[in-house]
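J.: I am attaching a structure below and will ask some questions about it afterwards.
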Amino acid sequence: MKLAERPAPMNGVGPVERRDLLVIEELAISFGGIRALTDVSLTARTGEVAAVIGPNGAGKTTLFNCISGLLTPDRGSITFDGHHLHSMGNPMLRARRGIGRTYQTPRLFRSVTVLDNLLMGCRAANAAKRSYDFDPSLRSLRPEERAGRIAELVGYRGSLGAPASGLSFGEMRVVELARALCASPSLLMLDEPASGLDVDQAQGLVGLVRDLADLGLAVLLIEHDMSVVMGVCEVITVLDFGSVIARGAPREIQENQDVLDAYLGKAH
Amino acid sequence: MSVATLTSRTFTTRAAGAGLLAAFVLAGPKLFTWAGPAAAYDFGLTVAMLVVAVSVLAWIGEISLAVVAQMGLGMVTLSWFQDHTSFPLALSLVLVTLSSIPTSLILGVFCLRLRGVNFVIASLAFAGMTQKAFFQKVLGAATSLHGRVSRPEMFRSDGALYYLIALSLVGVVVALYRLQRSRIGTALASLRDSETAFWTLGYSPAAYKLFVVCLSGAIATLAGAYYGLLQGTVPSFYFNPGLAIVYFGFAVAGGMGSIGGAIAGGLFFGAMPKYMEVLWPSIYNKFDFLFYGLVALLIIVWVPGGLAGVGRRLWSRVEGRA
Amino acid sequence: MSKFAQVLVIGTIAGSIYGFIAIGMVLVYRTTGVLNVAHGGIGILSGYVAHELIHFRHLPYYVGITGGVAIAALLGLGFELIVVRRLPGRPDLQTAATLGLYTLLLGVVVTVPWWTTNAFQVLPSPLLNKTFRVPGTVQAVTYDQLLLLVALAVFSAGLYWMLRRTRIGLAMRAVSDSSAAAGLMGIKPQTVSLVLWVVGFGLSGLTTMLVAPITLLDANALSLLTLKALTVAFLGGLVSLPLTVAGGMILGTLEAFNDLYLVHLPDLKYAWPFLLMVISLLWRAAEKRRSVRDDAPVVAAAA
């Protein structure tokens, strides 16, 4: 899978500068007596692909929901792009600052067309005056053309006029990703983007994610598919029962005893 | 997006349909003078407008039973303008419509905090409270003049009033039609499909919901003003929650969310009983609720999408589309 | 002090009426996901059927009320088979159907000419007009009212226990959470659904039998009661039986308070259900931050 056209790197002088975009410190939240997250800290950098992994119920999606503003944590702080995000989360404002995401089950707008979905993203970017730093050539295009280019970028081969309800599962995933990109995010959070995809599609996703990071985005992934995780991520944070039990490069994580115990059970 | 090329059959059927509709609108109550007075038709139109107000809320996926209270407030407000000012009718109507915004906002706040059945109950409670605490005292023959609306000379006849109401209704329909097909319409459809994705994409669900609630309130209030012009006075218990439930039934029968369906349902169920009152008085007075309830149930269970659904399927056949 | 005690007594009695009607609705909502707006209408029909049997056919009181409850249960059976089964997985449409049913029932009641001629019909319960005085006040309480209060306590405790601790209750809750999964566990969702609707409607009928001797058999009065009961159910969040009963008591007490202490503000009395909702809403607003909204709207707009 190739990009339609590879734009010049952001600053024109080579690989992307790595700076801390999202800094989470000691985040904690509980509902109904269950501590969903305890003392979670994490950093996402521009140009870097980071993963959050862990057994089911470890709190990964809860973490994303806290970052998006859908949930309000009890304790801890989230700093994005140097700004401290208020404890009263407002998902709309956070999206407009540049936090984009996809969902475990694709949440497309099914009563409208693929193009409408993408245009919704483009219009949000316009309203927030966001500037498509990951591909400056998009700035001068009209929204429909911009949407078309981004659709090509993610590898969507179908018709833009097709109703979103008629797409195959793999197509839904890429369209949701395209829609998130249309909103010109600087942080992209992908919740299990490879689940439901076959081997070829998963490999295509790996390439795409790598390209997006190279364009300057900070990418945060939740993923179960280890081939995707090990193939493209540079930093992996492992959650279990709401706490961080390990963090590091893929090789370290693969050999970490605590991680093995968490996945395979303490009997090991 | 490219526009699908219309076959000539599609084009002619649409042109014919539009022509028929225009003729129907222009002829109005004159078509039915054999069945009863023009007032019956006018009544059907105001009901149609109110049912449109109910149906519009389906655009955000909610039901409100407070529309009837807003209708009553429209009538009372128009009466107030007539008593205390000498504004021409057109200006009064505009002001009455604008006056609906505060109440709509109150309802809107409830809509933001409550979902589904909880909002329905809240709207029902609002309607009940308004009826008992306010309308009971302000409306009805025995009370002061506040509840009485008088008709300007120009609209003394029911036939003349028809053109006023019909014109307004056409205006409302055109505006709503354009809205549905605009960016706002797309945004509302997106909101309905996935509020969470809508929100995290960078839109405000609250703003859009409040907009739709205010829109619905404005239409309901205008319908109430026209109703006041038509009837003059109403019994004090008229704008009660039971009526709201009945109108909700009409909206369902017409097809929730569909403007055309709302009008068809409202006009039919609104006008027909009035005509029946003239043609077969003994039957009408006893069986109206029975009839409404039965029809509503039948349509909910057996006819998905109400009259609008049926209409769409028929029209597709006529147009020759698959 | 005596006046205050009077407020409490009247409030408790009125509250028990609202609470009793409300728990019927909460029970159906919790187990089927449908808000049975027709609850009051079913009750009205049962009441009139009982009235027909007792007054016009001169059958004994207990036969009459059993007949009324039986009609309600039969209606539940019919509704489940004809309506609910044809709208599987669509509690929103089922709720809309109950609105239609409510209108229909009101229509049926109006159609029978000899039922509505006498505006002040009373179900002649054997306890009618027998009163006792509550110690410490001047308030007289009828035994019917006391019976209702006792019945409320018994039913709410019983339902609470049944839903939480018995296998039937568990089956009901399982089906409401996921009928497919329940089916796989050997619970027959269709049977459970049938039982739920029959019991729910039957309870509506029974409610009228207990309430009508107190409030008189009048369609308008019972409609107003339904509305108040709905708001009380709302106060309980449509799920909590104890909170629903508490809500009923609070509303009843506030209305009695309004009658006895705020005589110069008679219209405020009608605003209490709404005001209580506002207060409850504000109180719950803080809780809302805790959960991610779900995306399914109540009303599916025309396709």
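Just remember, in the structure tokens the first chain shown is A, the second B, etc., residues are 1-based per chain, and ligands are 1-based in the order shown.
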Please provide the set of residues having any atom within 8 Å of C:Ile10, restricted to only C-alpha atoms, with same-chain residues fewer than 4 positions apart removed, written as a PyMOL selection string.
T.: chain C and resi 6+14+252-253+256
J.: Using only C-alpha atoms, which chain A residues lie at most 7 Å away from chain C, written as a ChimeraX atom specification?
T.: /A:70-72
J.: Enumerate as a ChimeraX atom specification all residues of stretch 54-256 of chain C assigned to alpha helix (DSSP H) by DSSP on the backbone, naming them with the chain letters and numbers the document uses.
T.: /C:61-82,91-111,143-165,167-177,179-184,189-215,219-235,241-256
J.: Store the residues picked out above in a file with C-alpha atoms, as a short mmCIF file (atom, residue, chain, number, x, y, z; two decimals), in the first residue's frame.
T.:
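Result file follows (result-v3.cif):
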```
data_model
loop_
_atom_site.label_atom_id
_atom_site.label_comp_id
_atom_site.auth_asym_id
_atom_site.auth_seq_id
_atom_site.Cartn_x
_atom_site.Cartn_y
_atom_site.Cartn_z
CA TYR C 61 -67.61 -7.30 45.44
CA TYR C 62 -64.77 -9.79 45.33
CA VAL C 63 -66.00 -11.37 42.12
CA GLY C 64 -66.17 -7.92 40.62
CA ILE C 65 -62.65 -6.92 41.46
CA THR C 66 -61.27 -10.29 40.41
CA GLY C 67 -63.02 -9.81 37.12
CA GLY C 68 -61.44 -6.40 36.73
CA VAL C 69 -57.95 -7.71 37.44
CA ALA C 70 -58.55 -10.68 35.13
CA ILE C 71 -59.49 -8.38 32.25
CA ALA C 72 -56.31 -6.43 32.83
CA ALA C 73 -54.22 -9.60 32.80
CA LEU C 74 -55.93 -10.76 29.60
CA LEU C 75 -55.21 -7.40 28.02
CA GLY C 76 -51.57 -7.89 28.95
CA LEU C 77 -51.59 -11.27 27.27
CA GLY C 78 -53.14 -9.82 24.16
CA PHE C 79 -50.77 -6.89 24.06
CA GLU C 80 -47.73 -9.11 24.39
CA LEU C 81 -48.85 -11.49 21.68
CA ILE C 82 -50.15 -8.95 19.21
CA PRO C 91 -38.56 -0.80 23.33
CA ASP C 92 -38.99 2.67 21.84
CA LEU C 93 -41.70 1.47 19.45
CA GLN C 94 -43.25 -0.61 22.19
CA THR C 95 -43.45 2.51 24.35
CA ALA C 96 -45.08 4.35 21.47
CA ALA C 97 -47.53 1.47 21.23
CA THR C 98 -48.47 1.87 24.88
CA LEU C 99 -49.28 5.50 24.14
CA GLY C 100 -51.60 4.29 21.40
CA LEU C 101 -53.08 1.74 23.75
CA TYR C 102 -53.73 4.45 26.32
CA THR C 103 -55.68 6.50 23.80
CA LEU C 104 -57.57 3.40 22.70
CA LEU C 105 -58.54 2.46 26.24
CA LEU C 106 -59.80 5.94 26.96
CA GLY C 107 -61.83 5.63 23.79
CA VAL C 108 -63.30 2.29 24.85
CA VAL C 109 -64.30 3.65 28.22
CA VAL C 110 -66.09 6.59 26.64
CA THR C 111 -67.95 4.35 24.22
CA TYR C 143 -59.44 1.56 56.34
CA ASP C 144 -59.19 1.54 52.54
CA GLN C 145 -56.39 4.03 52.76
CA LEU C 146 -54.68 1.97 55.40
CA LEU C 147 -55.07 -1.12 53.27
CA LEU C 148 -53.42 0.67 50.37
CA LEU C 149 -50.51 1.70 52.54
CA VAL C 150 -50.05 -1.83 53.81
CA ALA C 151 -50.37 -3.21 50.30
CA LEU C 152 -47.75 -0.76 49.09
CA ALA C 153 -45.32 -1.84 51.76
CA VAL C 154 -45.98 -5.51 51.07
CA PHE C 155 -45.76 -5.21 47.29
CA SER C 156 -42.70 -3.06 47.12
CA ALA C 157 -40.85 -5.20 49.60
CA GLY C 158 -42.05 -8.30 47.83
CA LEU C 159 -41.07 -7.11 44.37
CA TYR C 160 -37.72 -5.92 45.61
CA TRP C 161 -37.03 -9.27 47.16
CA MET C 162 -38.30 -11.14 44.13
CA LEU C 163 -36.16 -9.25 41.66
CA ARG C 164 -33.04 -9.61 43.73
CA ARG C 165 -33.27 -12.93 45.40
CA ARG C 167 -34.70 -17.29 40.40
CA ILE C 168 -37.73 -15.85 38.67
CA GLY C 169 -36.52 -12.36 39.40
CA LEU C 170 -33.11 -13.24 38.12
CA ALA C 171 -34.63 -14.65 34.96
CA MET C 172 -36.58 -11.43 34.45
CA ARG C 173 -33.51 -9.31 34.83
CA ALA C 174 -31.50 -11.60 32.58
CA VAL C 175 -34.03 -11.34 29.81
CA SER C 176 -34.13 -7.59 30.06
CA ASP C 177 -30.35 -7.37 29.87
CA SER C 179 -32.62 -12.02 25.78
CA ALA C 180 -30.25 -13.88 23.47
CA ALA C 181 -27.89 -14.73 26.26
CA ALA C 182 -30.77 -15.61 28.53
CA GLY C 183 -32.07 -17.94 25.86
CA LEU C 184 -28.76 -19.71 25.76
CA PRO C 189 -37.36 -15.23 26.83
CA GLN C 190 -40.77 -15.52 25.26
CA THR C 191 -42.31 -17.12 28.32
CA VAL C 192 -40.68 -14.61 30.60
CA SER C 193 -41.86 -11.76 28.40
CA LEU C 194 -45.40 -13.10 28.49
CA VAL C 195 -45.34 -13.42 32.24
CA LEU C 196 -43.94 -9.92 32.62
CA TRP C 197 -46.65 -8.26 30.58
CA VAL C 198 -49.46 -10.24 32.13
CA VAL C 199 -48.21 -9.46 35.61
CA GLY C 200 -47.51 -5.82 34.75
CA PHE C 201 -50.98 -5.23 33.37
CA GLY C 202 -52.59 -7.27 36.12
CA LEU C 203 -50.85 -5.09 38.65
CA SER C 204 -52.35 -2.04 36.96
CA GLY C 205 -55.78 -3.52 37.44
CA LEU C 206 -55.10 -4.41 41.03
CA THR C 207 -53.86 -0.88 41.67
CA THR C 208 -57.17 0.58 40.63
CA MET C 209 -59.03 -1.83 42.88
CA LEU C 210 -57.07 -0.52 45.83
CA VAL C 211 -57.04 3.12 44.79
CA ALA C 212 -60.55 3.61 43.46
CA PRO C 213 -62.33 3.28 46.79
CA ILE C 214 -60.19 6.20 47.91
CA THR C 215 -60.21 8.48 44.93
CA ALA C 219 -61.28 8.91 34.11
CA ASN C 220 -59.99 12.47 34.49
CA ALA C 221 -58.84 12.01 38.05
CA LEU C 222 -57.12 8.77 37.20
CA SER C 223 -55.35 10.41 34.24
CA LEU C 224 -53.98 13.09 36.52
CA LEU C 225 -52.84 10.40 38.92
CA THR C 226 -51.03 8.63 36.13
CA LEU C 227 -49.16 11.78 35.32
CA LYS C 228 -48.08 12.29 38.91
CA ALA C 229 -47.11 8.65 39.18
CA LEU C 230 -44.93 9.05 36.12
CA THR C 231 -43.03 11.87 37.72
CA VAL C 232 -42.63 9.84 40.89
CA ALA C 233 -41.26 6.97 38.82
CA PHE C 234 -38.86 9.46 37.28
CA LEU C 235 -37.70 10.50 40.73
CA LEU C 241 -38.18 0.75 43.93
CA PRO C 242 -37.24 2.28 47.29
CA LEU C 243 -36.54 5.69 45.74
CA THR C 244 -39.82 5.54 43.85
CA VAL C 245 -41.78 4.93 47.03
CA ALA C 246 -39.80 7.66 48.79
CA GLY C 247 -40.48 10.00 45.89
CA GLY C 248 -44.18 9.33 46.16
CA MET C 249 -44.17 10.13 49.84
CA ILE C 250 -42.24 13.34 49.27
CA LEU C 251 -44.62 14.51 46.58
CA GLY C 252 -47.66 13.65 48.68
CA THR C 253 -46.26 15.45 51.68
CA LEU C 254 -45.35 18.54 49.67
CA GLU C 255 -48.84 18.74 48.23
CA ALA C 256 -50.41 18.36 51.66
#
```
J.: I need the contact residues of chain B against chain A, so if you could list those with any atom within 6 Å, counting only C-alpha atoms, and return them as a list in words, that would help.
T.: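 Per the criterion, chain B yields Ser190, Asp193, Trp199, Thr200, Leu201, Gly202 and Tyr203 of chain B.
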J.: Show me which bits of chain B are within 8 Å of chain C, counting only C-alpha atoms, as a PyMOL selection string.
T.: chain B and resi 58-63+113+115-118+121-122+124-126+128-129+132-133+192-196+245-246+249+255-258+286-294+296-297+300-301+305+308-309
J.: Do a neighbour search on A:Pro55 at 12 Å with only C-alpha atoms, toss out local chain neighbours closer than 3 positions, and write the hits as a ChimeraX atom specification.
T.: /A:52,58-61,222-225,238-245,259-265
J.: Restrict the selected residues to C-alpha atoms and save them as a PDB file, in the first residue's frame.
T.:
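That gives us result.pdb:
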```
ATOM      1  CA  VAL A  52      -1.182   0.796  25.155  1.00  0.00           C
ATOM      2  CA  ALA A  58      -7.332  -3.367  31.968  1.00  0.00           C
ATOM      3  CA  GLY A  59      -8.667   0.131  31.457  1.00  0.00           C
ATOM      4  CA  LYS A  60      -7.305   0.983  28.030  1.00  0.00           C
ATOM      5  CA  THR A  61     -10.487   2.371  26.511  1.00  0.00           C
ATOM      6  CA  ILE A 222      -4.680   0.315  21.701  1.00  0.00           C
ATOM      7  CA  GLU A 223      -4.133  -3.009  20.108  1.00  0.00           C
ATOM      8  CA  HIS A 224      -4.289  -6.737  20.765  1.00  0.00           C
ATOM      9  CA  ASP A 225      -2.695  -7.839  17.533  1.00  0.00           C
ATOM     10  CA  VAL A 238       1.243  -2.168  29.518  1.00  0.00           C
ATOM     11  CA  LEU A 239      -1.844  -1.833  31.685  1.00  0.00           C
ATOM     12  CA  ASP A 240      -3.306  -4.451  33.964  1.00  0.00           C
ATOM     13  CA  PHE A 241      -6.248  -3.869  36.309  1.00  0.00           C
ATOM     14  CA  GLY A 242      -5.935  -0.155  35.750  1.00  0.00           C
ATOM     15  CA  SER A 243      -2.254   0.240  36.608  1.00  0.00           C
ATOM     16  CA  VAL A 244       0.833   0.550  34.488  1.00  0.00           C
ATOM     17  CA  ILE A 245       2.891  -2.572  35.007  1.00  0.00           C
ATOM     18  CA  VAL A 259       3.750  -8.668  31.454  1.00  0.00           C
ATOM     19  CA  LEU A 260       3.888 -12.400  30.858  1.00  0.00           C
ATOM     20  CA  ASP A 261       2.250 -13.022  34.205  1.00  0.00           C
ATOM     21  CA  ALA A 262      -0.518 -10.590  33.429  1.00  0.00           C
ATOM     22  CA  TYR A 263      -1.351 -12.218  30.125  1.00  0.00           C
ATOM     23  CA  LEU A 264      -0.797 -15.804  31.008  1.00  0.00           C
ATOM     24  CA  GLY A 265      -1.759 -15.819  34.653  1.00  0.00           C
TER      25      GLY A 265
END
```
J.: Determine which residues of stretch 68-248 of chain A receive a DSSP assignment of strand (DSSP E or B), computed from the backbone, and state them as a PyMOL selection string.
T.: chain A and resi 75-80+83-84+99-101+113+163+187-191+218-222+235-240+243-248
